[in-house]
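Raw start_18.csv, CSV, C-alpha atoms:
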chain,number,residue,atom,x,y,z
A,57,MET,CA,33.6,181.7,57.0
A,58,ALA,CA,33.9,178.0,57.4
A,59,GLY,CA,37.7,178.3,57.5
A,60,THR,CA,37.7,180.7,60.5
A,61,GLU,CA,35.2,178.4,62.3
A,62,LYS,CA,37.6,175.5,61.8
A,63,LEU,CA,40.5,177.5,63.2
A,64,VAL,CA,38.5,178.6,66.2
A,65,GLU,CA,37.5,175.1,66.9
A,66,ALA,CA,41.1,173.9,66.6
A,67,ASP,CA,42.3,176.4,69.1
A,68,HIS,CA,39.5,175.6,71.4
A,69,ALA,CA,40.3,171.9,71.1
A,70,GLU,CA,44.0,172.7,71.9
A,71,ALA,CA,42.8,174.6,75.0
A,72,ILE,CA,40.6,171.7,76.0
A,73,ILE,CA,43.4,169.2,75.6
A,74,THR,CA,45.7,171.3,77.8
A,75,ARG,CA,43.0,171.5,80.4
A,76,ILE,CA,42.6,167.7,80.3
A,77,GLU,CA,46.3,167.3,80.7
A,78,HIS,CA,46.3,169.4,83.8
A,79,LYS,CA,43.3,167.5,85.1
A,80,SER,CA,45.1,164.2,84.4
A,81,ARG,CA,48.1,165.3,86.5
A,82,LYS,CA,45.8,166.4,89.4
A,83,ILE,CA,44.0,163.0,89.2
A,84,GLU,CA,47.2,161.1,89.4
A,85,SER,CA,48.2,162.9,92.5
A,86,LEU,CA,44.8,162.4,94.1
A,87,LEU,CA,45.0,158.7,93.4
A,88,LYS,CA,48.4,158.5,95.0
A,89,GLN,CA,46.9,160.1,98.1
A,90,ASN,CA,44.2,157.3,98.0
A,91,LYS,CA,41.3,159.6,97.3
A,92,PRO,CA,39.5,157.8,94.4
A,93,VAL,CA,36.2,159.6,94.9
A,94,GLU,CA,37.8,163.1,94.6
A,95,ALA,CA,39.7,161.9,91.5
A,96,LEU,CA,36.4,160.8,89.9
A,97,LYS,CA,34.8,164.1,90.7
A,98,THR,CA,37.6,166.1,89.2
A,99,ALA,CA,37.5,163.8,86.1
A,100,LEU,CA,33.8,164.3,85.6
A,101,GLU,CA,33.8,168.0,86.4
A,102,GLY,CA,35.4,169.6,83.4
A,103,SER,CA,33.9,167.3,80.8
A,104,PRO,CA,33.9,169.2,77.5
A,105,PRO,CA,30.3,169.7,76.8
A,106,MET,CA,29.9,170.7,73.2
A,107,THR,CA,33.1,169.7,71.5
A,108,ARG,CA,32.9,167.7,68.3
A,109,ASP,CA,36.6,167.0,68.3
A,110,GLU,CA,37.2,163.3,68.8
A,111,ARG,CA,40.5,163.7,70.4
A,112,CYS,CA,39.0,165.7,73.3
A,113,LYS,CA,36.4,163.1,73.8
A,114,SER,CA,38.9,160.3,73.8
A,115,ALA,CA,41.3,162.2,76.0
A,116,ASN,CA,38.7,162.9,78.6
A,117,TRP,CA,37.5,159.3,78.4
A,118,ILE,CA,41.0,158.0,79.2
A,119,VAL,CA,41.2,160.3,82.3
A,120,VAL,CA,37.7,159.2,83.5
A,121,HIS,CA,38.6,155.6,82.9
A,122,ARG,CA,41.6,155.8,85.0
A,123,ALA,CA,39.6,157.3,87.9
A,124,LEU,CA,36.8,154.7,87.5
A,125,MET,CA,39.1,151.7,87.6
A,126,ALA,CA,40.7,153.0,90.8
A,127,ILE,CA,37.4,152.9,92.7
A,128,LYS,CA,37.0,149.9,95.0
A,129,ASP,CA,34.2,150.9,97.3
A,130,VAL,CA,31.1,151.7,95.1
A,131,GLU,CA,28.7,152.4,98.0
A,132,GLY,CA,31.0,154.8,99.6
A,133,MET,CA,31.6,156.6,96.4
A,134,PHE,CA,27.9,157.3,95.9
A,135,SER,CA,27.5,158.6,99.4
A,136,SER,CA,30.0,161.4,98.6
A,137,LEU,CA,29.2,162.0,95.0
A,138,ASP,CA,26.8,164.9,94.2
A,139,PRO,CA,23.6,164.1,92.2
A,140,GLU,CA,24.6,166.5,89.5
A,141,TYR,CA,27.3,164.2,88.4
A,142,TYR,CA,25.0,161.2,88.0
A,143,ASP,CA,24.0,161.9,84.4
A,144,ILE,CA,27.5,162.4,83.1
A,145,LEU,CA,28.7,159.4,85.0
A,146,MET,CA,26.0,157.3,83.4
A,147,LYS,CA,27.2,158.4,79.9
A,148,TYR,CA,30.8,157.4,80.8
A,149,LEU,CA,29.6,154.1,82.1
A,150,TYR,CA,28.0,153.3,78.8
A,151,ARG,CA,31.2,154.3,77.0
A,152,GLY,CA,33.0,151.9,79.3
A,153,LEU,CA,30.6,149.1,78.6
A,154,SER,CA,31.1,149.5,74.9
A,155,THR,CA,34.8,148.9,75.1
A,156,GLY,CA,34.5,145.2,75.7
A,157,ASP,CA,37.6,145.0,77.9
A,158,ARG,CA,36.8,142.6,80.7
A,159,PRO,CA,38.0,144.5,83.9
A,160,THR,CA,36.5,147.7,82.6
A,161,CYS,CA,33.2,146.1,81.9
A,162,ASP,CA,33.1,144.3,85.3
A,163,GLN,CA,33.7,147.6,87.0
A,164,CYS,CA,31.2,149.5,84.9
A,165,LEU,CA,28.5,146.9,85.4
A,166,ARG,CA,29.0,147.1,89.2
A,167,ILE,CA,28.7,150.9,89.2
A,168,HIS,CA,25.8,150.8,86.8
A,169,GLU,CA,23.7,148.7,89.0
A,170,LYS,CA,24.2,150.9,92.0
A,171,LEU,CA,23.8,154.1,90.0
A,172,THR,CA,20.5,152.9,88.6
A,173,GLU,CA,19.3,152.2,92.2
A,174,ARG,CA,20.3,155.7,93.2
A,175,ALA,CA,19.4,157.8,90.2
A,176,GLY,CA,16.5,155.8,88.7
A,177,LEU,CA,15.6,155.0,85.1
A,178,GLY,CA,15.5,158.8,84.2
A,179,CYS,CA,19.2,158.9,84.3
A,180,ILE,CA,19.5,156.1,81.8
A,181,LEU,CA,16.9,157.7,79.5
A,182,ARG,CA,18.7,161.1,79.7
A,183,SER,CA,22.0,159.5,78.6
A,184,LEU,CA,20.1,157.7,75.7
A,185,ALA,CA,18.2,160.8,74.6
A,186,ASP,CA,21.1,163.3,74.6
A,187,THR,CA,22.2,163.2,71.0
A,188,VAL,CA,23.9,166.6,71.2
A,189,ASN,CA,26.5,166.0,73.9
A,190,THR,CA,27.6,162.5,73.1
A,191,LEU,CA,30.8,160.9,74.4
A,192,PHE,CA,31.3,158.7,71.4
A,193,PRO,CA,33.4,159.8,68.5
A,194,ILE,CA,31.4,160.3,65.3
A,195,ILE,CA,32.2,157.6,62.9
A,196,ARG,CA,33.1,159.3,59.6
A,197,VAL,CA,33.2,156.8,56.8
A,198,SER,CA,36.6,157.0,55.2
A,199,CYS,CA,38.4,154.1,53.4
A,200,LEU,CA,41.8,155.0,54.8
A,201,ALA,CA,40.6,155.2,58.4
A,202,PHE,CA,38.7,151.9,58.0
A,203,LEU,CA,41.8,150.1,56.6
A,204,LEU,CA,44.0,151.6,59.3
A,205,GLY,CA,41.5,150.4,61.8
A,206,ILE,CA,41.7,146.8,60.5
A,207,ILE,CA,45.5,146.7,60.3
A,208,GLY,CA,46.2,148.9,63.3
A,209,ALA,CA,47.3,147.6,66.7
A,210,ASP,CA,44.9,147.3,69.5
A,211,ASN,CA,46.8,148.9,72.3
A,212,GLN,CA,44.7,151.3,74.2
A,213,PRO,CA,46.8,153.9,76.0
A,214,LYS,CA,46.4,153.4,79.8
A,215,THR,CA,47.1,156.9,81.0
A,216,TYR,CA,46.8,160.3,79.5
A,217,VAL,CA,50.6,160.7,79.4
A,218,GLU,CA,50.9,157.6,77.1
A,219,PHE,CA,48.1,159.1,74.9
A,220,THR,CA,50.1,162.3,74.4
A,221,GLN,CA,53.3,160.4,73.6
A,222,ALA,CA,51.6,157.9,71.3
B,175,MET,CA,31.1,139.7,94.8
B,176,ALA,CA,27.9,139.5,92.8
B,177,ASN,CA,27.7,137.1,89.9
B,178,PRO,CA,28.9,138.9,86.8
B,179,LEU,CA,26.2,137.3,84.7
B,180,LYS,CA,23.5,138.6,87.1
B,181,LEU,CA,25.1,142.1,86.9
B,182,TYR,CA,25.1,142.0,83.1
B,183,LEU,CA,21.4,140.9,83.0
B,184,THR,CA,20.4,143.6,85.5
B,185,CYS,CA,22.2,146.2,83.4
B,186,VAL,CA,20.4,145.0,80.2
B,187,ARG,CA,17.1,144.9,82.1
B,188,ASN,CA,17.4,148.4,83.4
B,189,THR,CA,18.4,149.8,80.0
B,190,LEU,CA,15.5,148.1,78.4
B,191,GLU,CA,13.1,149.4,80.9
B,192,ALA,CA,14.3,152.9,80.2
B,193,ALA,CA,14.5,152.5,76.5
B,194,LEU,CA,11.1,150.7,75.9
B,195,CYS,CA,9.1,153.9,75.7
B,196,LEU,CA,7.5,153.6,72.3
B,197,GLN,CA,4.6,155.3,70.8
B,198,ASN,CA,2.8,155.2,67.4
B,199,PHE,CA,4.5,157.4,64.8
B,200,PRO,CA,3.4,157.3,61.2
B,201,CYS,CA,6.0,157.7,58.5
B,202,GLN,CA,7.1,161.3,57.8
B,203,GLU,CA,8.1,160.7,54.2
B,204,VAL,CA,5.3,158.6,52.8
B,205,GLU,CA,1.7,159.2,53.8
B,206,ARG,CA,-0.4,156.4,55.2
B,207,HIS,CA,2.8,154.4,55.9
B,208,ASN,CA,3.9,153.3,59.4
B,209,LYS,CA,7.4,151.9,59.5
B,210,PRO,CA,9.7,150.9,62.4
B,211,GLU,CA,12.1,153.9,62.4
B,212,VAL,CA,15.0,152.0,64.0
B,213,GLU,CA,15.3,149.8,60.9
B,214,LEU,CA,15.2,152.6,58.3
B,215,LYS,CA,17.1,155.3,60.2
B,216,THR,CA,15.9,158.0,57.8
B,217,SER,CA,15.4,160.9,60.3
B,218,PRO,CA,18.1,161.4,63.0
B,219,GLU,CA,15.6,163.3,65.3
B,220,LEU,CA,13.6,160.1,65.8
B,221,LEU,CA,16.6,158.0,66.9
B,222,LEU,CA,18.2,157.8,70.4
B,223,ASN,CA,21.8,156.9,71.0
B,224,PRO,CA,22.5,153.2,70.5
B,225,VAL,CA,23.9,151.5,73.5
B,226,LEU,CA,26.4,148.7,73.5
B,227,ILE,CA,26.7,146.6,76.7
B,228,CYS,CA,29.6,144.2,76.7
B,229,ARG,CA,30.0,141.5,79.3
B,230,ASN,CA,33.4,140.5,78.1
B,231,GLU,CA,35.2,140.3,74.7
B,232,ALA,CA,32.9,137.6,73.5
B,233,GLU,CA,29.4,138.5,74.7
B,234,LYS,CA,27.7,141.8,73.9
B,235,CYS,CA,24.3,143.3,73.5
B,236,LEU,CA,23.4,146.3,71.2
B,237,ILE,CA,20.2,148.2,72.0
B,238,GLU,CA,19.0,150.7,69.5
B,239,THR,CA,15.9,152.7,70.1
B,240,SER,CA,13.7,155.0,68.1
B,241,ILE,CA,10.4,156.7,68.6
B,242,ASN,CA,8.3,153.7,67.6
B,243,SER,CA,10.6,150.7,67.7
B,244,LEU,CA,13.5,149.1,69.5
B,245,ARG,CA,16.1,146.7,68.2
B,246,ILE,CA,18.1,144.4,70.5
B,247,SER,CA,21.0,142.4,69.0
B,248,LEU,CA,22.8,139.7,71.0
B,249,LYS,CA,26.1,138.0,70.5
B,250,VAL,CA,26.3,134.8,72.6
B,251,LYS,CA,29.4,133.3,74.1
B,252,GLN,CA,31.1,130.8,71.7
B,253,ALA,CA,34.1,129.2,73.3
B,254,ASP,CA,35.2,126.8,70.6
B,255,GLU,CA,34.4,125.7,67.1
B,256,LEU,CA,31.7,123.2,68.2
B,257,GLU,CA,29.8,125.8,70.2
B,258,ASN,CA,30.1,128.2,67.2
B,259,ILE,CA,28.4,125.7,64.9
B,260,LEU,CA,25.8,124.7,67.5
B,261,ALA,CA,24.9,128.3,68.3
B,262,LYS,CA,24.6,129.2,64.6
B,263,LYS,CA,22.3,126.3,63.9
B,264,PHE,CA,20.2,126.7,67.0
B,265,LEU,CA,19.7,130.5,66.5
B,266,ARG,CA,19.0,130.0,62.8
B,267,PHE,CA,16.3,127.5,63.8
B,268,LEU,CA,14.7,130.1,66.0
B,269,SER,CA,15.0,132.9,63.5
B,270,MET,CA,13.3,130.9,60.8
B,271,ARG,CA,10.3,130.6,63.1
B,272,ALA,CA,10.3,134.3,63.9
B,273,GLU,CA,6.5,134.5,63.1
B,274,ALA,CA,5.7,132.5,66.1
B,275,PHE,CA,7.8,134.6,68.4
B,276,GLN,CA,6.5,137.9,67.0
B,277,VAL,CA,9.3,140.0,68.5
B,278,LEU,CA,12.1,138.1,66.8
B,279,ARG,CA,13.8,139.4,63.7
B,280,ARG,CA,14.3,137.0,60.8
B,281,LYS,CA,17.9,138.0,60.2
B,282,PRO,CA,20.3,139.1,62.9
B,283,VAL,CA,22.1,142.4,62.6
B,284,GLN,CA,25.5,142.2,61.0
B,285,GLY,CA,28.1,141.2,63.6
B,286,TYR,CA,25.5,139.6,66.0
B,287,ASP,CA,23.9,136.2,66.5
B,288,ILE,CA,20.2,137.1,67.0
B,289,SER,CA,18.1,140.2,66.9
B,290,PHE,CA,14.7,141.2,68.3
B,291,LEU,CA,12.6,144.0,67.0
B,292,ILE,CA,9.9,145.4,69.3
B,293,THR,CA,7.5,147.9,68.0
B,294,ASN,CA,4.8,150.1,69.6
B,295,TYR,CA,2.2,147.6,68.5
B,296,HIS,CA,3.8,144.9,70.5
B,297,CYS,CA,3.9,147.2,73.5
B,298,GLU,CA,0.2,147.9,73.1
B,299,GLU,CA,-0.8,144.2,72.8
B,300,MET,CA,1.6,142.8,75.4
B,301,GLN,CA,2.8,144.0,78.7
B,302,LYS,CA,6.1,145.8,78.8
B,303,GLN,CA,7.4,144.1,81.9
B,304,LYS,CA,6.6,140.7,80.4
B,305,LEU,CA,8.5,141.6,77.2
B,306,ILE,CA,11.6,142.6,79.1
B,307,ASP,CA,11.3,139.4,81.2
B,308,PHE,CA,11.2,137.4,78.0
B,309,ILE,CA,14.3,139.0,76.6
B,310,VAL,CA,16.3,138.6,79.8
B,311,GLN,CA,15.1,135.0,80.3
B,312,PHE,CA,16.1,134.3,76.7
B,313,MET,CA,19.6,135.6,77.4
B,314,GLU,CA,19.9,133.5,80.5
B,315,ASP,CA,18.6,130.3,78.9
B,316,ILE,CA,20.5,130.5,75.6
B,317,ASP,CA,23.8,129.8,77.4
B,318,LYS,CA,22.3,126.8,79.2
B,319,GLU,CA,20.8,125.5,75.9
B,320,ILE,CA,24.0,125.6,74.1
B,321,SER,CA,26.0,123.9,76.8
B,322,GLU,CA,23.3,121.2,77.0
B,323,LEU,CA,23.5,120.7,73.2
B,324,LYS,CA,27.3,120.5,73.4
B,325,MET,CA,27.1,117.9,76.2
B,326,SER,CA,24.6,115.8,74.3
B,327,VAL,CA,26.8,115.9,71.2
B,328,SER,CA,29.9,114.8,73.1
B,329,THR,CA,27.9,112.1,74.9
B,330,ARG,CA,26.5,110.7,71.7
B,331,GLY,CA,29.9,110.9,70.1
B,332,ARG,CA,31.4,108.9,73.0
B,333,LEU,CA,28.7,106.3,72.9
B,334,VAL,CA,29.0,105.8,69.2
B,335,ALA,CA,32.8,105.6,69.3
B,336,SER,CA,32.8,103.1,72.1
B,337,GLU,CA,30.2,100.9,70.4
B,338,PHE,CA,32.1,101.0,67.1
B,339,LEU,CA,35.5,100.3,68.7
B,340,LYS,CA,34.1,97.3,70.7
B,341,GLN,CA,34.3,95.2,67.6
B,342,PHE,CA,38.1,95.7,67.5
B,343,LEU,CA,38.6,94.5,71.1
Please express the file's structure as structure tokens.
Amino acid sequence: MAGTEKLVEADHAEAIITRIEHKSRKIESLLKQNKPVEALKTALEGSPPMTRDERCKSANWIVVHRALMAIKDVEGMFSSLDPEYYDILMKYLYRGLSTGDRPTCDQCLRIHEKLTERAGLGCILRSLADTVNTLFPIIRVSCLAFLLGIIGADNQPKTYVEFTQA
Amino acid sequence: MANPLKLYLTCVRNTLEAALCLQNFPCQEVERHNKPEVELKTSPELLLNPVLICRNEAEKCLIETSINSLRISLKVKQADELENILAKKFLRFLSMRAEAFQVLRRKPVQGYDISFLITNYHCEEMQKQKLIDFIVQFMEDIDKEISELKMSVSTRGRLVASEFLKQFL
């Protein structure tokens, strides 16, 4: 029983990753056409809701990160973004803030301030309280993974294409 | 462009305002006990997602909430070895006197420089806004304090050195 469940989830994960790949290509083309807000909308739309697979979460994060960093005009973005995306955007902002990378954090802090003004404290509380659909990979304690984490290199892939080739 | 420090503090303030919703919750495992759930982490349903807000590679703030308590851990900017030592000594001095601060934790969380623990009892006795103001003010002032300490150390060092070397003139 558990075996078949794992298989189902693996297939589902593959399907999600292919979808994210398509999304990534669409976003690249939208960014080339200078439409960062549409790119962000596309990135936030198909966020995999209840997947426990860390690769899907990381893959989606890379895509959203790319769209977020391309945004220059924060006010303009909010005037065209629908309120239904505020909650998921707030979750991604917190993921961005946890990375510690200076340009990402600067951008995320800027957007966070404006988003809180727009959406209020409820948005923050919903992202804190939602323990079911989290964006962070679940840290499973494993010696090997821990050691690899210490020795491993720190290069974060910049685009989804690099992520797949890595 | 807005000051990055101000943005960081605004973000922390907003997150704290949202996260500081604490109520009394007696312990589920042991009767007649009342423990801060964020410290024990026994039941996952009582905990919210922890949030890490980084300003840059050096400074960060971890906010963990639960139903009856909230823990904030700060890592302050330490540019060089001297600031490292000064920050450690100064924050240890404060942590030792945690009783006087009430919301301070005696030992910082692993990986951070100083931690605060706010429970529902603190929220009942003190005003929530004032607690948040205190924490944000603390974050603002700690940088100034450490730079002042560093400046006084280098001034003293310079004075002592010049006095000492005068005899060789």
- Query: Residues of chain B within 10 Å of chain A, using all atoms listed in the file, as a PyMOL selection string?
  - Reply: chain B and resi 175-176+178-186+188-195+218-236+238-240
Would you mind exporting the chosen residues as a CSV table (one decimal), in the frame of the given file, restricted to C-alpha atoms?
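Saved to part-v7.csv:
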chain,number,residue,atom,x,y,z
B,175,MET,CA,31.1,139.7,94.8
B,176,ALA,CA,27.9,139.5,92.8
B,178,PRO,CA,28.9,138.9,86.8
B,179,LEU,CA,26.2,137.3,84.7
B,180,LYS,CA,23.5,138.6,87.1
B,181,LEU,CA,25.1,142.1,86.9
B,182,TYR,CA,25.1,142.0,83.1
B,183,LEU,CA,21.4,140.9,83.0
B,184,THR,CA,20.4,143.6,85.5
B,185,CYS,CA,22.2,146.2,83.4
B,186,VAL,CA,20.4,145.0,80.2
B,188,ASN,CA,17.4,148.4,83.4
B,189,THR,CA,18.4,149.8,80.0
B,190,LEU,CA,15.5,148.1,78.4
B,191,GLU,CA,13.1,149.4,80.9
B,192,ALA,CA,14.3,152.9,80.2
B,193,ALA,CA,14.5,152.5,76.5
B,194,LEU,CA,11.1,150.7,75.9
B,195,CYS,CA,9.1,153.9,75.7
B,218,PRO,CA,18.1,161.4,63.0
B,219,GLU,CA,15.6,163.3,65.3
B,220,LEU,CA,13.6,160.1,65.8
B,221,LEU,CA,16.6,158.0,66.9
B,222,LEU,CA,18.2,157.8,70.4
B,223,ASN,CA,21.8,156.9,71.0
B,224,PRO,CA,22.5,153.2,70.5
B,225,VAL,CA,23.9,151.5,73.5
B,226,LEU,CA,26.4,148.7,73.5
B,227,ILE,CA,26.7,146.6,76.7
B,228,CYS,CA,29.6,144.2,76.7
B,229,ARG,CA,30.0,141.5,79.3
B,230,ASN,CA,33.4,140.5,78.1
B,231,GLU,CA,35.2,140.3,74.7
B,232,ALA,CA,32.9,137.6,73.5
B,233,GLU,CA,29.4,138.5,74.7
B,234,LYS,CA,27.7,141.8,73.9
B,235,CYS,CA,24.3,143.3,73.5
B,236,LEU,CA,23.4,146.3,71.2
B,238,GLU,CA,19.0,150.7,69.5
B,239,THR,CA,15.9,152.7,70.1
B,240,SER,CA,13.7,155.0,68.1
- Query: Looking at B:His296, B:Lys251, B:Lys262, B:Lys340, which one is nearest to B:Gln276, with distances taken over all atoms listed in the file?
  - Reply: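 The answer is B:His296, which sits nearest to B:Gln276.
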- Query: Which distance in Å separates atom CA of B:Glu257 and atom CA of B:Ser326, to one decimal?
  - Reply: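 Atom CA of B:Glu257 sits 12.0 Å away from atom CA of B:Ser326.
Between atom CA of B:Met300 and atom CA of B:Asn198 there is a distance of 14.8 Å.
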- Task: Could you check how far atom CA of B:Gln252 sits from atom CA of B:Val327, in Å to one decimal?
- Result: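 Pair atom CA of B:Gln252 / atom CA of B:Val327 returns 15.5 Å.
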Where atoms are missing, can you supply N, CA and C atoms for stretch 175-192 of chain B and output the lot as a PDB file, in the frame of the given file?
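Generated file (part29.pdb):
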ATOM      1  N   MET B 175      31.249 138.979  96.065  1.00  0.00           N
ATOM      2  CA  MET B 175      31.100 139.700  94.800  1.00  0.00           C
ATOM      3  C   MET B 175      29.941 139.135  94.021  1.00  0.00           C
ATOM      4  N   ALA B 176      29.097 139.983  93.513  1.00  0.00           N
ATOM      5  CA  ALA B 176      27.900 139.500  92.800  1.00  0.00           C
ATOM      6  C   ALA B 176      28.303 138.793  91.519  1.00  0.00           C
ATOM      7  N   ASN B 177      27.484 137.874  91.150  1.00  0.00           N
ATOM      8  CA  ASN B 177      27.700 137.100  89.900  1.00  0.00           C
ATOM      9  C   ASN B 177      27.767 138.045  88.734  1.00  0.00           C
ATOM     10  N   PRO B 178      28.842 137.968  87.921  1.00  0.00           N
ATOM     11  CA  PRO B 178      28.900 138.900  86.800  1.00  0.00           C
ATOM     12  C   PRO B 178      27.793 138.730  85.786  1.00  0.00           C
ATOM     13  N   LEU B 179      27.300 137.466  85.616  1.00  0.00           N
ATOM     14  CA  LEU B 179      26.200 137.300  84.700  1.00  0.00           C
ATOM     15  C   LEU B 179      24.964 138.045  85.186  1.00  0.00           C
ATOM     16  N   LYS B 180      24.734 137.973  86.513  1.00  0.00           N
ATOM     17  CA  LYS B 180      23.500 138.600  87.100  1.00  0.00           C
ATOM     18  C   LYS B 180      23.649 140.152  86.879  1.00  0.00           C
ATOM     19  N   LEU B 181      24.881 140.686  87.060  1.00  0.00           N
ATOM     20  CA  LEU B 181      25.100 142.100  86.900  1.00  0.00           C
ATOM     21  C   LEU B 181      24.786 142.542  85.448  1.00  0.00           C
ATOM     22  N   TYR B 182      25.291 141.711  84.513  1.00  0.00           N
ATOM     23  CA  TYR B 182      25.100 142.000  83.100  1.00  0.00           C
ATOM     24  C   TYR B 182      23.605 142.001  82.755  1.00  0.00           C
ATOM     25  N   LEU B 183      22.877 140.986  83.273  1.00  0.00           N
ATOM     26  CA  LEU B 183      21.400 140.900  83.000  1.00  0.00           C
ATOM     27  C   LEU B 183      20.690 142.069  83.632  1.00  0.00           C
ATOM     28  N   THR B 184      21.105 142.461  84.840  1.00  0.00           N
ATOM     29  CA  THR B 184      20.400 143.600  85.500  1.00  0.00           C
ATOM     30  C   THR B 184      20.657 144.861  84.681  1.00  0.00           C
ATOM     31  N   CYS B 185      21.877 145.036  84.192  1.00  0.00           N
ATOM     32  CA  CYS B 185      22.200 146.200  83.400  1.00  0.00           C
ATOM     33  C   CYS B 185      21.296 146.264  82.149  1.00  0.00           C
ATOM     34  N   VAL B 186      21.205 145.092  81.469  1.00  0.00           N
ATOM     35  CA  VAL B 186      20.400 145.000  80.200  1.00  0.00           C
ATOM     36  C   VAL B 186      18.934 145.288  80.586  1.00  0.00           C
ATOM     37  N   ARG B 187      18.471 144.723  81.678  1.00  0.00           N
ATOM     38  CA  ARG B 187      17.100 144.900  82.100  1.00  0.00           C
ATOM     39  C   ARG B 187      16.759 146.368  82.341  1.00  0.00           C
ATOM     40  N   ASN B 188      17.642 147.031  83.112  1.00  0.00           N
ATOM     41  CA  ASN B 188      17.400 148.400  83.400  1.00  0.00           C
ATOM     42  C   ASN B 188      17.404 149.305  82.166  1.00  0.00           C
ATOM     43  N   THR B 189      18.369 149.016  81.275  1.00  0.00           N
ATOM     44  CA  THR B 189      18.400 149.800  80.000  1.00  0.00           C
ATOM     45  C   THR B 189      17.191 149.577  79.208  1.00  0.00           C
ATOM     46  N   LEU B 190      16.713 148.333  79.139  1.00  0.00           N
ATOM     47  CA  LEU B 190      15.500 148.100  78.400  1.00  0.00           C
ATOM     48  C   LEU B 190      14.296 148.749  78.968  1.00  0.00           C
ATOM     49  N   GLU B 191      14.195 148.727  80.295  1.00  0.00           N
ATOM     50  CA  GLU B 191      13.100 149.400  80.900  1.00  0.00           C
ATOM     51  C   GLU B 191      13.037 150.869  80.603  1.00  0.00           C
ATOM     52  N   ALA B 192      14.230 151.469  80.571  1.00  0.00           N
ATOM     53  CA  ALA B 192      14.300 152.900  80.200  1.00  0.00           C
ATOM     54  C   ALA B 192      14.029 153.125  78.769  1.00  0.00           C
TER      55      ALA B 192
END
